Each structure stands twice: as structure tokens, then as C-alpha cells.
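Written out below as C-alpha cells is the structure these notes cover.
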Amino acid sequence: MYIKICGLRDELAARVAVDAGADAVGVVMSEGSPRDASRDEAASVVAAVEGSGLDAVLVVRGVPARAAAETALELGFDVLQLHGPYSGADFAAALEVLPRVWRATSLVAEPRLRAGEYGEEHLLIDGATPGSGESWDLAALAEQETAARIGDGWILAGGLEPGNVAEAIAAARPWGVDVSSGVERAPGVKDLELIRRFVRAARS
Ligand SMILES: O=C(O)c1ccccc1NCC(=O)[C@H](O)[C@H](O)COP(=O)(O)O
């Protein structure tokens, strides 16, 4: 199970994610988010995971795709996660700059989702409001027709936490999981022990 800890802004939390056995760390650069990171904060997270084998993922919403990819490249990120209503053309533009781009959206916004439709490396299926910590109904993902249409290699997000991630994995059968609010003690403030517990629970 591939595990991404999202919304990091400091070196210590990034090192804890590495030591806990996560596969990726995410940095959100999105105005209005309680996790909106400065360039310096983003660079410190990238530096903390460099050489560890973890993917450093830049998460943006509402930023033009090519500009976001250029920022990801400049700051040393491995992956760009375009979150929200980006088009196939936006993905093509980002992919000209960076070879690894993920698409993040929800079944509410895009009921007919298919992994890889926009040339993305991975599809992240989130709840309706990214970074809200709100759980959503995973029943649709378990339906055979929907699961077959979506395909493989997708990441589940939205309202996950140490106490529910194992059950969510069993119900939805994703390739990976992503968490932000569920490993925080306040919006935007990561709890190091919850990061460790989340990774353990997702691997259990
Ligand atoms: O986390 C944010 O504040 C955010 C803001 C704008 C766009 C995306 C954002 N987060 C993206 C993520 O990948 C989150 O980890 C994902 O939505 C899950 O969040 P949560 O329900 O809090 O675990």
C-alpha cells in the first residue's frame, strides 16, 4: 500500500514521515488553505526527504498548470498534484515540464472518472472538499462496474485517519492512501504520533 502524508510544512514532520515508512509527502501551495506553504517551507520538506526514496509531491489548486509544474521543478519536487477542475490540455501543458503529474478530483465533481484519462501517473479520488477531513461514502468505489471503469493505480483520500484507514482500504481497494487532517492536532499543524499511527494502520 502506497502511503502519502499531505500538507507538510516543516522538516521534522517530513523526517517523521520518512522514518515511519511513508512513500510520499505532500506540500500544499494553495492560498486560503491552512496548510499553504511558503517556498522556503516547501524547500525544507523537499530537502528533508531527498535521497530517502520518498516522493515529494507539490499540491496545487487554481494555479495555472504549466506555471505549477515550473514551480515544482524549480523547488525539486518529484511529482505535481493538480487538484480540482483541470482539463486534459492543462495536464498536457504540465507534462511538457514535469514527467510525473497526478490528477486529484472527486466522484461528486467527476462521476465518470477513469484513471489515466489525462495522461496522469496516478489519479487521487478525494472527498468533495479537499483537506477538510470529511469522510465520504466509499460504497460507489466498491461497486464492480465503477471499480472496473476507474481502473488501477488510484489513491484514496478524504477523511482518512488512523482509526478508519484499514477499513477504508478493505472497502475501496485503492492502490494508495492519502491523509492530511487525520494526522493533525489542529488545522495545518501535524501531529507526529498520528503520522506514525496512520502508517502503521494503513500497513496492517
Ligand atoms: O489540504 C488542503 O488544504 C488542500 C487545499 C487545496 C487543495 C488540496 C488540498 N489538499 C489535498 C490533499 O491531497 C489532501 O491530503 C486530501 O484532500 C485529503 O485531505 P483530508 O481529508 O484532510 O485528509
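Each chain in the C-alpha cells gets a letter, A, B and so on, in the order shown; residues start at 1 in every chain, and ligands are counted from 1 in the order they appear.
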Closest atom pairs, range 66-144 of chain A residues within 12 Å of range 27-33 of chain A, only C-alpha atoms, as JSON lines:
```
{"residue": "A:Ala68", "atom": "CA", "partner": "A:Met29", "partner_atom": "CA", "distance": 9.4}
{"residue": "A:Thr71", "atom": "CA", "partner": "A:Met29", "partner_atom": "CA", "distance": 10.1}
{"residue": "A:Ala72", "atom": "CA", "partner": "A:Val27", "partner_atom": "CA", "distance": 10.3}
{"residue": "A:Leu75", "atom": "CA", "partner": "A:Val27", "partner_atom": "CA", "distance": 11.1}
{"residue": "A:Gly76", "atom": "CA", "partner": "A:Val27", "partner_atom": "CA", "distance": 11.9}
{"residue": "A:Phe77", "atom": "CA", "partner": "A:Val27", "partner_atom": "CA", "distance": 9.4}
{"residue": "A:Asp78", "atom": "CA", "partner": "A:Val27", "partner_atom": "CA", "distance": 11.5}
{"residue": "A:Val79", "atom": "CA", "partner": "A:Val27", "partner_atom": "CA", "distance": 10.5}
{"residue": "A:Leu80", "atom": "CA", "partner": "A:Val27", "partner_atom": "CA", "distance": 9.9}
{"residue": "A:Gln81", "atom": "CA", "partner": "A:Val28", "partner_atom": "CA", "distance": 9.3}
{"residue": "A:Leu82", "atom": "CA", "partner": "A:Val28", "partner_atom": "CA", "distance": 10.5}
{"residue": "A:His83", "atom": "CA", "partner": "A:Ser30", "partner_atom": "CA", "distance": 9.9}
{"residue": "A:Gly84", "atom": "CA", "partner": "A:Ser30", "partner_atom": "CA", "distance": 11.6}
{"residue": "A:Thr129", "atom": "CA", "partner": "A:Ser33", "partner_atom": "CA", "distance": 11.3}
{"residue": "A:Pro130", "atom": "CA", "partner": "A:Ser33", "partner_atom": "CA", "distance": 9.5}
{"residue": "A:Gly131", "atom": "CA", "partner": "A:Ser33", "partner_atom": "CA", "distance": 8.0}
{"residue": "A:Ser132", "atom": "CA", "partner": "A:Ser33", "partner_atom": "CA", "distance": 9.7}
```
Discussion item. How would you report the residues lying within 10 Å of ligand 1, as a ChimeraX atom specification, if you count only C-alpha atoms and all ligand atoms?
Written reply: /A:4-8,25-36,57-62,81-84,104-106,124-136,155-161,177-184,187-188
Worksheet entry | Nearby residues (only C-alpha atoms) at most 9 Å from Pro162 in chain A, same-chain spacing under 4 positions excluded, as a ChimeraX atom specification | /A:166,182-183,194-202
Discussion item. As a list in words, please: every residue in range 72-136 of chain A that a backbone DSSP assignment puts in alpha helix (DSSP H).
Written reply: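 Put together, the selection reads Ala72, Leu73, Glu74, Leu75, Gly88, Ala89, Asp90, Phe91, Ala92, Ala93, Ala94, Leu95, Glu96 and Val97 of chain A.
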I want to know what sits within 10 Å of Arg66 in chain A, based on only C-alpha atoms, with residues of the same chain fewer than 4 positions away left out; could you give that as a PDB file with C-alpha atoms, in the first residue's frame?
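Contents of selection_22.pdb, freshly written:
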```pdb
ATOM      1  CA  GLU A  70       7.632  25.005 -13.350  1.00  0.00           C
ATOM      2  CA  THR A  71       7.421  25.756  -9.619  1.00  0.00           C
ATOM      3  CA  ALA A  72       7.543  22.011  -8.817  1.00  0.00           C
ATOM      4  CA  ASP A  90      -3.783  21.533 -18.630  1.00  0.00           C
ATOM      5  CA  PHE A  91      -2.284  18.113 -17.993  1.00  0.00           C
ATOM      6  CA  ALA A  92      -0.589  18.104 -21.376  1.00  0.00           C
ATOM      7  CA  ALA A  93       0.946  21.515 -20.567  1.00  0.00           C
ATOM      8  CA  ALA A  94       2.187  20.367 -17.145  1.00  0.00           C
ATOM      9  CA  LEU A  95       3.570  17.119 -18.596  1.00  0.00           C
ATOM     10  CA  GLU A  96       5.726  19.087 -21.031  1.00  0.00           C
ATOM     11  CA  VAL A  97       7.548  20.463 -17.979  1.00  0.00           C
ATOM     12  CA  LEU A  98       7.445  17.593 -15.478  1.00  0.00           C
TER      13      LEU A  98
END
```
Item to complete: Report the distance between CA of Leu192 in chain A and CA of Glu121 in chain A in Å, rounded to one decimal place.
Response: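 Separation between CA of Leu192 in chain A and CA of Glu121 in chain A: 28.7 Å.
For Trp175 in chain A, the residues within 9 Å (counting only C-alpha atoms, excluding itself and residues fewer than 2 positions away along the chain) are Met1, Tyr2, Asp152, Gly153, Trp154, Ile155, Leu156, Ile169, Arg173 and Val177 of chain A.
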Restricting it to C-alpha atoms, dump the selection as a CSV table (one decimal), in the first residue's frame.
```csv
chain,number,residue,atom,x,y,z
A,1,MET,CA,0.0,0.0,0.0
A,2,TYR,CA,1.4,3.4,-1.1
A,152,ASP,CA,-6.0,0.6,-11.2
A,153,GLY,CA,-3.3,2.7,-9.6
A,154,TRP,CA,-5.6,5.2,-7.9
A,155,ILE,CA,-5.2,6.8,-4.5
A,156,LEU,CA,-7.9,7.2,-1.9
A,169,ILE,CA,-8.7,0.1,2.3
A,173,ARG,CA,-9.3,-1.4,-2.5
A,177,VAL,CA,-4.0,6.3,0.5
```
Worksheet item: Looking at only C-alpha atoms, which of A:Ala89, A:Ala37, A:Ala65, A:Ala20 is the one that sits closest to Val189 in chain A?
Response: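 Using only C-alpha atoms, Val189 in chain A sits closest to A:Ala37.
For range 79-149 of chain A, backbone-based DSSP labels the following residues as strand (DSSP E or B): Val79, Leu80, Gln81, Leu82, His83, Val101, Trp102, Arg103, Ala104, Thr105, Ser106, Leu123, Leu124, Ile125 and Asp126 of chain A.
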Please produce a file of the residues just selected, as a short mmCIF file (atom, residue, chain, number, x, y, z; two decimals), in the first residue's frame, where the atoms kept are C-alpha atoms.
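Everything below was put into again14.cif:
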```cif
data_model
loop_
_atom_site.label_atom_id
_atom_site.label_comp_id
_atom_site.auth_asym_id
_atom_site.auth_seq_id
_atom_site.Cartn_x
_atom_site.Cartn_y
_atom_site.Cartn_z
CA VAL A 79 5.50 14.96 -8.62
CA LEU A 80 2.90 17.67 -9.26
CA GLN A 81 -0.65 17.00 -8.00
CA LEU A 82 -3.19 19.13 -9.85
CA HIS A 83 -6.22 19.30 -7.57
CA VAL A 101 1.75 14.61 -12.73
CA TRP A 102 -1.18 13.34 -10.64
CA ARG A 103 -4.83 14.23 -11.07
CA ALA A 104 -6.91 14.83 -7.93
CA THR A 105 -10.67 15.20 -8.03
CA SER A 106 -13.83 13.70 -6.56
CA LEU A 123 -5.50 9.51 -10.04
CA LEU A 124 -6.33 10.64 -6.49
CA ILE A 125 -10.00 10.27 -5.62
CA ASP A 126 -10.85 12.70 -2.84
#
```
Discussion item. What's the separation between CA of Leu12 in chain A and CA of Pro99 in chain A, in Å to one decimal place?
Written reply: 28.2 Å
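Counting only C-alpha atoms and comparing A:Glu143, A:Glu110, A:Glu50, A:Glu74, the residue that lies closest to Arg15 in chain A is A:Glu50.
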